[in-house]
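Here's coords_38.cif, which has mmCIF, C-alpha atoms and all ligand atoms:
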data_start
loop_
_atom_site.label_atom_id
_atom_site.label_comp_id
_atom_site.auth_asym_id
_atom_site.auth_seq_id
_atom_site.Cartn_x
_atom_site.Cartn_y
_atom_site.Cartn_z
CA MET H 8 3.38 18.50 -19.64
CA GLN H 9 1.96 15.88 -21.97
CA VAL H 10 0.29 13.26 -19.82
CA THR H 11 -0.67 9.87 -21.11
CA LYS H 12 -2.53 7.17 -19.19
CA ASP H 13 0.23 4.76 -20.07
CA ALA H 14 3.17 6.79 -18.79
CA ARG H 15 5.65 4.34 -17.32
CA THR H 16 6.32 6.14 -14.05
CA ILE H 17 3.10 6.39 -12.06
CA VAL H 18 4.53 7.74 -8.81
CA ASP H 19 7.38 10.20 -8.65
CA VAL H 20 8.18 11.60 -5.23
CA VAL H 21 10.94 14.19 -5.28
CA ASP H 22 12.72 15.52 -2.20
CA PHE H 23 9.67 15.12 0.08
CA HIS H 24 10.16 16.86 3.42
CA LYS H 25 7.72 16.77 6.32
CA SER H 26 8.11 17.94 9.91
CA TYR H 27 5.66 17.84 12.80
CA ASP H 28 6.14 20.40 15.56
CA GLY H 29 9.67 21.12 14.38
CA ARG H 30 10.57 17.42 14.33
CA SER H 31 11.56 16.10 10.93
CA VAL H 32 9.78 12.87 9.93
CA LEU H 33 10.59 12.75 6.21
CA SER H 34 13.71 14.59 5.12
CA GLY H 35 14.16 14.38 1.40
CA VAL H 36 12.41 11.19 0.24
CA ASN H 37 12.82 10.31 -3.42
CA LEU H 38 10.75 7.45 -4.79
CA ARG H 39 9.62 6.25 -8.17
CA VAL H 40 7.09 3.51 -8.82
CA GLU H 41 6.73 2.15 -12.32
CA ARG H 42 3.50 0.92 -13.87
CA GLY H 43 2.86 -2.70 -12.89
CA GLU H 44 5.49 -2.65 -10.17
CA HIS H 45 4.93 -4.42 -6.87
CA LEU H 46 6.99 -2.69 -4.21
CA SER H 47 7.40 -3.09 -0.47
CA ILE H 48 8.52 -0.10 1.57
CA LEU H 49 10.18 -1.40 4.68
CA GLY H 50 11.27 0.51 7.75
CA PRO H 51 11.24 0.40 11.52
CA GLY H 52 8.21 1.51 13.54
CA GLY H 53 7.64 5.25 13.56
CA CYS H 54 10.05 5.98 10.70
CA GLY H 55 7.40 7.76 8.61
CA LYS H 56 5.91 5.00 6.45
CA SER H 57 2.27 5.99 6.96
CA THR H 58 3.17 9.66 6.54
CA LEU H 59 4.78 8.86 3.20
CA LEU H 60 1.75 6.87 1.97
CA LYS H 61 -0.55 9.70 3.01
CA GLY H 62 1.81 12.04 1.15
CA LEU H 63 1.25 9.99 -2.01
CA LEU H 64 -2.47 10.61 -1.64
CA GLY H 65 -2.08 14.30 -0.89
CA LEU H 66 -3.49 13.79 2.62
CA VAL H 67 -0.19 15.01 3.98
CA ALA H 68 1.24 17.97 2.09
CA PRO H 69 5.03 18.20 1.88
CA ASP H 70 6.77 21.16 3.52
CA LYS H 71 9.10 20.96 0.55
CA GLY H 72 9.28 18.70 -2.49
CA SER H 73 6.64 17.25 -4.77
CA VAL H 74 4.50 14.22 -5.54
CA THR H 75 3.66 13.43 -9.14
CA LEU H 76 0.95 10.82 -9.68
CA PHE H 77 0.26 9.49 -13.17
CA GLY H 78 2.32 12.35 -14.56
CA LYS H 79 0.51 15.11 -12.68
CA ASN H 80 1.94 17.14 -9.83
CA LEU H 81 -0.51 16.82 -6.91
CA GLN H 82 0.52 20.12 -5.39
CA THR H 83 -0.42 22.15 -8.42
CA LEU H 84 -3.77 20.52 -9.25
CA GLY H 85 -7.17 22.06 -8.57
CA SER H 86 -9.44 20.04 -6.30
CA GLU H 87 -11.54 18.63 -9.15
CA GLU H 88 -8.54 17.39 -11.11
CA ARG H 89 -6.95 16.04 -7.96
CA ASN H 90 -10.09 14.11 -7.02
CA ALA H 91 -10.27 12.64 -10.51
CA LEU H 92 -6.66 11.50 -10.18
CA LEU H 93 -7.21 10.02 -6.74
CA ARG H 94 -10.06 7.89 -8.08
CA ARG H 95 -7.35 5.85 -9.72
CA VAL H 96 -5.76 5.05 -6.35
CA GLY H 97 -7.00 2.61 -3.71
CA MET H 98 -5.77 2.99 -0.15
CA ALA H 99 -6.04 0.51 2.71
CA PHE H 100 -5.26 2.53 5.83
CA GLN H 101 -3.29 1.10 8.73
CA LEU H 102 -6.28 1.22 11.05
CA GLY H 103 -8.87 0.22 8.47
CA ALA H 104 -10.64 3.59 8.49
CA LEU H 105 -14.03 2.04 7.79
CA PHE H 106 -17.15 4.10 8.41
CA ASP H 107 -18.54 2.75 11.71
CA PHE H 108 -22.14 3.61 10.88
CA MET H 109 -22.15 1.69 7.58
CA THR H 110 -22.21 -2.06 7.11
CA VAL H 111 -19.26 -3.75 5.43
CA ARG H 112 -21.24 -3.91 2.20
CA GLU H 113 -22.11 -0.21 2.39
CA ASN H 114 -18.50 0.73 3.10
CA ILE H 115 -17.33 -1.04 -0.03
CA LEU H 116 -20.25 0.18 -2.15
CA PHE H 117 -19.60 3.75 -1.02
CA ALA H 118 -16.07 3.60 -2.41
CA MET H 119 -17.26 2.07 -5.68
CA GLU H 120 -20.12 4.54 -6.10
CA ASN H 121 -17.69 7.43 -5.72
CA MET H 122 -14.83 6.06 -7.73
CA THR H 123 -16.24 3.85 -10.48
CA SER H 124 -19.03 3.84 -13.01
CA LEU H 125 -20.02 0.21 -12.44
CA SER H 126 -23.68 -0.74 -12.54
CA ALA H 127 -25.47 -1.42 -9.24
CA TYR H 128 -25.64 -5.10 -10.15
CA ASP H 129 -21.92 -5.31 -10.89
CA MET H 130 -21.09 -3.52 -7.65
CA GLU H 131 -23.16 -5.94 -5.57
CA GLU H 132 -21.67 -8.91 -7.35
CA ARG H 133 -18.18 -7.58 -6.77
CA VAL H 134 -18.77 -6.93 -3.06
CA HIS H 135 -19.86 -10.50 -2.49
CA ARG H 136 -17.20 -12.07 -4.68
CA MET H 137 -14.36 -10.09 -3.10
CA LEU H 138 -15.55 -10.68 0.46
CA ALA H 139 -15.70 -14.39 -0.29
CA SER H 140 -12.16 -14.25 -1.65
CA VAL H 141 -10.88 -12.94 1.71
CA ASN H 142 -12.83 -15.60 3.61
CA LEU H 143 -15.50 -13.20 4.79
CA PRO H 144 -18.53 -14.45 2.85
CA ALA H 145 -20.96 -13.64 5.66
CA ALA H 146 -19.63 -10.22 6.65
CA ALA H 147 -21.51 -8.06 4.14
CA ARG H 148 -24.32 -7.02 6.49
CA LYS H 149 -22.20 -6.69 9.60
CA LEU H 150 -21.07 -3.41 11.09
CA PRO H 151 -17.31 -2.89 11.49
CA SER H 152 -17.79 -3.00 15.28
CA GLU H 153 -18.98 -6.61 14.94
CA LEU H 154 -15.71 -7.69 13.30
CA SER H 155 -12.29 -8.53 14.71
CA GLY H 156 -9.35 -6.25 13.92
CA GLY H 157 -8.05 -8.72 11.34
CA MET H 158 -11.45 -8.94 9.65
CA ARG H 159 -11.68 -5.14 9.47
CA ARG H 160 -8.25 -5.05 7.90
CA ARG H 161 -9.36 -7.51 5.22
CA VAL H 162 -12.46 -5.41 4.54
CA GLY H 163 -10.20 -2.34 4.21
CA ILE H 164 -8.14 -4.20 1.61
CA VAL H 165 -11.27 -5.23 -0.30
CA ARG H 166 -12.49 -1.64 -0.22
CA ALA H 167 -9.13 -0.43 -1.58
CA LEU H 168 -9.15 -2.93 -4.44
CA ALA H 169 -12.88 -3.01 -5.23
CA THR H 170 -12.57 0.15 -7.28
CA SER H 171 -10.06 -1.51 -9.67
CA PRO H 172 -7.43 1.11 -8.94
CA ASP H 173 -4.42 1.57 -11.18
CA LEU H 174 -2.41 1.87 -7.97
CA ALA H 175 -3.18 0.32 -4.58
CA LEU H 176 -1.45 1.58 -1.44
CA LEU H 177 -1.53 -0.80 1.50
CA ASP H 178 -0.46 0.29 4.97
CA GLU H 179 0.61 -2.68 7.11
CA PRO H 180 -2.03 -4.89 5.45
CA THR H 181 -1.32 -7.89 7.64
CA ALA H 182 -0.39 -6.34 11.00
CA GLY H 183 -1.99 -8.22 13.84
CA LEU H 184 -2.94 -11.20 11.67
CA ASP H 185 -1.67 -14.66 12.48
CA PRO H 186 0.98 -15.99 10.04
CA VAL H 187 -1.44 -18.24 8.16
CA THR H 188 -4.08 -15.53 7.65
CA SER H 189 -1.31 -13.09 6.79
CA ALA H 190 -0.07 -15.35 3.99
CA VAL H 191 -3.66 -15.87 2.77
CA VAL H 192 -4.28 -12.11 2.72
CA ILE H 193 -1.08 -11.38 0.79
CA SER H 194 -1.87 -14.03 -1.80
CA MET H 195 -5.42 -12.66 -2.02
CA ILE H 196 -4.03 -9.18 -2.68
CA HIS H 197 -1.77 -10.57 -5.41
CA LYS H 198 -4.69 -12.42 -6.98
CA LEU H 199 -7.00 -9.42 -6.97
CA ALA H 200 -4.26 -7.10 -8.21
CA ALA H 201 -3.44 -9.50 -11.04
CA GLU H 202 -7.09 -9.53 -12.13
CA ILE H 203 -7.19 -5.75 -12.11
CA GLY H 204 -3.63 -5.08 -13.27
CA SER H 205 -2.96 -2.75 -10.33
CA SER H 206 0.45 -1.58 -9.29
CA LEU H 207 0.97 -2.24 -5.58
CA VAL H 208 2.85 -0.45 -2.82
CA CYS H 209 2.85 -1.99 0.64
CA VAL H 210 4.46 -0.36 3.66
CA THR H 211 5.41 -2.53 6.58
CA SER H 212 7.93 -2.91 9.38
CA SER H 213 8.00 -6.67 8.86
CA VAL H 214 10.72 -8.12 6.63
CA GLU H 215 8.67 -11.31 6.30
CA VAL H 216 5.65 -9.42 5.01
CA ALA H 217 7.74 -7.19 2.74
CA PHE H 218 9.53 -10.21 1.30
CA THR H 219 6.40 -12.23 0.70
CA PHE H 220 4.69 -9.21 -0.76
CA ALA H 221 7.11 -8.05 -3.45
CA PRO H 222 10.35 -8.91 -5.22
CA ARG H 223 11.48 -5.29 -4.88
CA VAL H 224 11.85 -3.32 -1.70
CA ALA H 225 12.69 0.23 -0.67
CA ILE H 226 14.14 0.85 2.77
CA LEU H 227 13.01 3.89 4.74
CA ASN H 228 15.19 5.00 7.60
CA GLU H 229 15.66 8.29 9.40
CA GLY H 230 13.42 10.14 7.01
CA ARG H 231 15.01 8.96 3.78
CA LEU H 232 14.61 6.10 1.36
CA ILE H 233 18.13 4.81 1.60
CA ALA H 234 17.96 2.00 -0.96
CA LYS H 235 15.65 0.37 -3.46
CA GLY H 236 16.08 -2.82 -5.41
CA THR H 237 15.60 -6.55 -5.38
CA TRP H 238 16.31 -8.35 -2.15
CA GLU H 239 19.53 -9.69 -3.55
CA GLU H 240 20.63 -6.22 -4.69
CA LEU H 241 19.99 -4.82 -1.21
CA HIS H 242 21.88 -7.63 0.42
CA ASN H 243 24.78 -7.14 -1.98
CA LEU H 244 25.07 -3.46 -1.05
CA HIS H 245 26.81 -4.62 2.15
CA ASP H 246 25.45 -1.55 3.89
CA PRO H 247 25.90 -2.30 7.61
CA TRP H 248 22.55 -0.81 8.69
CA ILE H 249 20.55 -2.54 5.94
CA THR H 250 22.28 -5.88 6.47
CA HIS H 251 21.75 -5.66 10.21
CA PHE H 252 18.10 -4.65 9.82
CA LEU H 253 17.40 -7.48 7.38
CA ASP H 254 19.33 -10.04 9.45
CA VAL H 255 17.70 -9.05 12.73
CA ARG H 256 14.26 -9.25 11.16
CA GLY H 257 14.89 -12.68 9.71
CA TYR H 258 15.99 -12.19 6.09
CA LYS H 259 18.37 -14.96 5.07
CA PRO H 260 20.40 -14.48 1.89
CA ASN H 261 21.45 -17.37 -0.35
CA GLN H 262 18.02 -18.95 -0.35
CA SER H 263 16.00 -18.99 -3.49
CA THR H 264 13.18 -16.49 -3.29
CA GLU H 265 10.51 -19.14 -3.75
CA GLN H 266 12.05 -21.22 -0.99
CA GLU H 267 12.18 -18.23 1.25
CA ALA H 268 8.72 -17.05 0.42
CA SER H 269 7.36 -20.47 1.24
CA ASN H 270 9.21 -20.39 4.55
CA TYR H 271 7.31 -17.27 5.42
CA ALA H 272 4.00 -18.50 4.10
N1 LIG H 301 -0.46 14.20 12.35
C1 LIG H 301 0.66 14.10 13.08
N2 LIG H 301 0.99 15.03 14.00
C2 LIG H 301 2.13 14.94 14.70
N3 LIG H 301 3.03 13.94 14.58
C3 LIG H 301 2.75 12.98 13.68
C4 LIG H 301 1.56 13.00 12.88
N4 LIG H 301 1.57 11.93 12.06
C5 LIG H 301 2.70 11.26 12.35
N5 LIG H 301 3.42 11.88 13.31
C6 LIG H 301 4.71 11.45 13.84
O1 LIG H 301 5.55 11.15 12.75
C7 LIG H 301 6.35 10.01 13.03
C8 LIG H 301 6.12 9.00 11.92
O2 LIG H 301 4.77 8.52 11.98
P1 LIG H 301 4.21 7.45 10.95
O3 LIG H 301 2.86 7.08 11.41
O4 LIG H 301 4.38 7.96 9.58
O5 LIG H 301 5.25 6.26 11.19
P2 LIG H 301 5.16 4.72 10.71
O6 LIG H 301 6.48 4.39 10.13
O7 LIG H 301 3.96 4.54 9.87
O8 LIG H 301 4.96 3.99 12.11
P3 LIG H 301 4.33 2.54 12.41
O9 LIG H 301 5.35 1.53 11.93
O10 LIG H 301 4.19 2.53 13.90
O11 LIG H 301 3.02 2.46 11.67
C9 LIG H 301 5.94 9.52 14.41
O12 LIG H 301 6.87 10.00 15.33
C10 LIG H 301 4.59 10.16 14.64
O13 LIG H 301 4.38 10.42 15.99
MG MG H 302 2.30 3.39 10.08
#
Will you turn the file into C-alpha cells for me?
Ligand SMILES: Nc1ncnc2c1ncn2[C@@H]1O[C@H](COP(=O)(O)OP(=O)(O)OP(=O)(O)O)[C@@H](O)[C@H]1O
Ligand SMILES: [Mg+2]
Amino acid sequence: MQVTKDARTIVDVVDFHKSYDGRSVLSGVNLRVERGEHLSILGPGGCGKSTLLKGLLGLVAPDKGSVTLFGKNLQTLGSEERNALLRRVGMAFQLGALFDFMTVRENILFAMENMTSLSAYDMEERVHRMLASVNLPAAARKLPSELSGGMRRRVGIVRALATSPDLALLDEPTAGLDPVTSAVVISMIHKLAAEIGSSLVCVTSSVEVAFTFAPRVAILNEGRLIAKGTWEELHNLHDPWITHFLDVRGYKPNQSTEQEASNYA
C-alpha cells in the first residue's frame, strides 16, 4: 500500500475483537479518526475504553480484526517499523504510568529523548514551558510520589504531548480533578494540541468531559462503537439507550454548544 504522511485517515480500526478469560470486552469495534480530528469516545465504566486505546497502540492485540495507524497495519509490522510509527503517537494513560524512580523532568525528557530529535536545550525549555502551562512550574525536580493524583495526571498529559505527536490518546485525562482544574486541563490540552497540530482522542465516562473536549463523539457500549457524530447528530438519532445515557449524564440538547461548554467549564 502506498503510504503518505498526509493520508487523511490516521486511525482505522476494523472489526476489533478482544476477550479476556472467555469474556468479550470488545466485539467488533470499527473506528476511523481523520487527520486533525478531535474526538471523544464516551462509554460507561468498564465498557472497554482503555482496552480500545491500548489496542490503538498495539499494547493489546486484537483476537480478530485490525488496527491501521497512519496507513500501516500494526499487526503486520516488524518491531522496528512499529516503534517508528508509535513515535508519532502520544499516550496519557489512565493511571499516569510515570516512572516512579525518575523526577517529573526526567520522565518527560525520557519520552522526548526516545521519540524526538530535539536538542537538549530545546527539550529542557519545552519541559519547563509545558509544566508552567499546566500550572506545575515547580514540579520539574519532584518525584511522582511527591505529587497529588491530579498533578501526576497533568504530568502524564505533558509527557504525552511533549513529543509533538501527530496523534495524542488521552485516557480519562481529568478523572479525579475538581471541575475548575478539569476545565483548565482540557483547555491546556487544546492549546498545546493547536500549537502542535495534533489529532486528539479522549476516552472518558463523563459526558461533561467528552462534551467540553470535542465537538464529535463516539459512543462505546457493550463492546461496540454504536454511534459517532456531532452531539446534535447523536441526539437526533433518537436511539433510546444513547438518549438515556446522555440525559442521565447531564447532556441537554437545544443549547448552543458554546453555551453548554461554558456551563461545564
Ligand atoms: N489485562 C486484563 N485482563 C483481564 N481483564 C481485563 C484486562 N484489561 C481489562 N480487562 C477487563 O476488561 C473490561 C474493560 O476494561 P477497560 O479497562 O478497558 O474498561 P474502561 O471502559 O476503560 O473502564 P473505566 O471506565 O473504569 O476506566 C473490564 O471488565 C476489565 O476487568
Ligand atoms: Mg479505563
Quick one: which chain H residues come within 7 Å of ligand MG 302 (chain H), and what is the nearest atom pair for each with the distance in Å to one decimal, counting only C-alpha atoms and all ligand atoms, rows ordered by chain and ascending number, as a tab-separated table?
residue	atom	partner	partner_atom	distance
H:Gly53	CA	H:MG302	MG	6.6
H:Gly55	CA	H:MG302	MG	6.9
H:Lys56	CA	H:MG302	MG	5.4
H:Ser57	CA	H:MG302	MG	4.1
H:Gln101	CA	H:MG302	MG	6.2
H:Asp178	CA	H:MG302	MG	6.6
H:Glu179	CA	H:MG302	MG	7.0
Quick one: what's the axis-aligned box for ligand LIG 301 (chain H), all listed atoms, 5 Å on every side, centre and edges in Å to one decimal, as lines of an AutoDock Vina configuration file?
center_x = 3.2
center_y = 8.3
center_z = 12.8
size_x = 17.3
size_y = 23.5
size_z = 16.4
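Nearest to His197 of chain H of all the residues H:Ala221, H:Ala99, H:Val216, H:Leu174 is H:Ala221, based on only C-alpha atoms.
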Residues of chain H that have any atom at most 10 Å from an atom of ligand LIG 301 (chain H): could you tabulate them with the shortest-distance atom pair and the distance in Å to one decimal, using all atoms listed in the file, ordered by chain and increasing number, as CSV?
residue,atom,partner,partner_atom,distance
H:Lys25,CA,H:LIG301,O1,8.8
H:Ser26,CA,H:LIG301,O1,7.8
H:Tyr27,CA,H:LIG301,C2,4.9
H:Asp28,CA,H:LIG301,C2,6.8
H:Gly29,CA,H:LIG301,C2,9.8
H:Arg30,CA,H:LIG301,O1,8.2
H:Ser31,CA,H:LIG301,O1,8.0
H:Val32,CA,H:LIG301,O1,5.4
H:Leu33,CA,H:LIG301,C8,8.2
H:Ile48,CA,H:LIG301,O6,9.9
H:Leu49,CA,H:LIG301,O6,8.8
H:Gly50,CA,H:LIG301,O6,6.6
H:Pro51,CA,H:LIG301,O9,6.0
H:Gly52,CA,H:LIG301,O9,3.3
H:Gly53,CA,H:LIG301,O8,3.3
H:Cys54,CA,H:LIG301,O6,3.9
H:Gly55,CA,H:LIG301,O4,3.2
H:Lys56,CA,H:LIG301,O6,3.8
H:Ser57,CA,H:LIG301,O7,3.7
H:Thr58,CA,H:LIG301,O4,3.7
H:Leu59,CA,H:LIG301,O4,6.5
H:Leu60,CA,H:LIG301,O4,8.1
H:Lys61,CA,H:LIG301,O4,8.4
H:Gly62,CA,H:LIG301,O4,9.7
H:Val67,CA,H:LIG301,N1,8.4
H:Gln101,CA,H:LIG301,O11,7.1
H:Leu102,CA,H:LIG301,O11,9.4
H:Asp178,CA,H:LIG301,O7,7.8
H:Glu179,CA,H:LIG301,O11,7.3
H:Ala182,CA,H:LIG301,O11,9.5
H:Val210,CA,H:LIG301,O7,7.9
H:Thr211,CA,H:LIG301,O9,6.7
H:Ser212,CA,H:LIG301,O9,5.7
H:Ser213,CA,H:LIG301,O9,9.1
H:Leu227,CA,H:LIG301,O6,8.5
H:Asn228,CA,H:LIG301,O6,9.1
H:Glu229,CA,H:LIG301,C8,9.9
H:Gly230,CA,H:LIG301,C8,8.9
May I ask which of the residues H:His24, H:Arg95, H:Lys71, H:Lys198 is the closest one to Asp173 of chain H, counting only C-alpha atoms?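 Of all the options, H:Arg95 lies closest to Asp173 of chain H.
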So which residues touch segment 107-114 of chain H within 12 Å, counting only C-alpha atoms, skipping near sequence neighbours fewer than 2 positions away, as a PyMOL selection string? chain H and resi 103-105+116-121+130-138+143-154+158-167+169-170
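Rounded to one decimal, atom CA of Leu63 of chain H and atom CA of Asn142 of chain H lie 29.7 Å from each other.
Residue nearest Ala68 of chain H, chosen from H:Pro186, H:Gly157, H:Phe23, H:Asn90 and counting all atoms listed in the file: H:Phe23.
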For a test of reading the model, state the distance in Å between atom CA of Phe100 of chain H and atom CA of Val18 of chain H, rounded to one decimal.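 Separation of atom CA of Phe100 of chain H and atom CA of Val18 of chain H: 18.4 Å.
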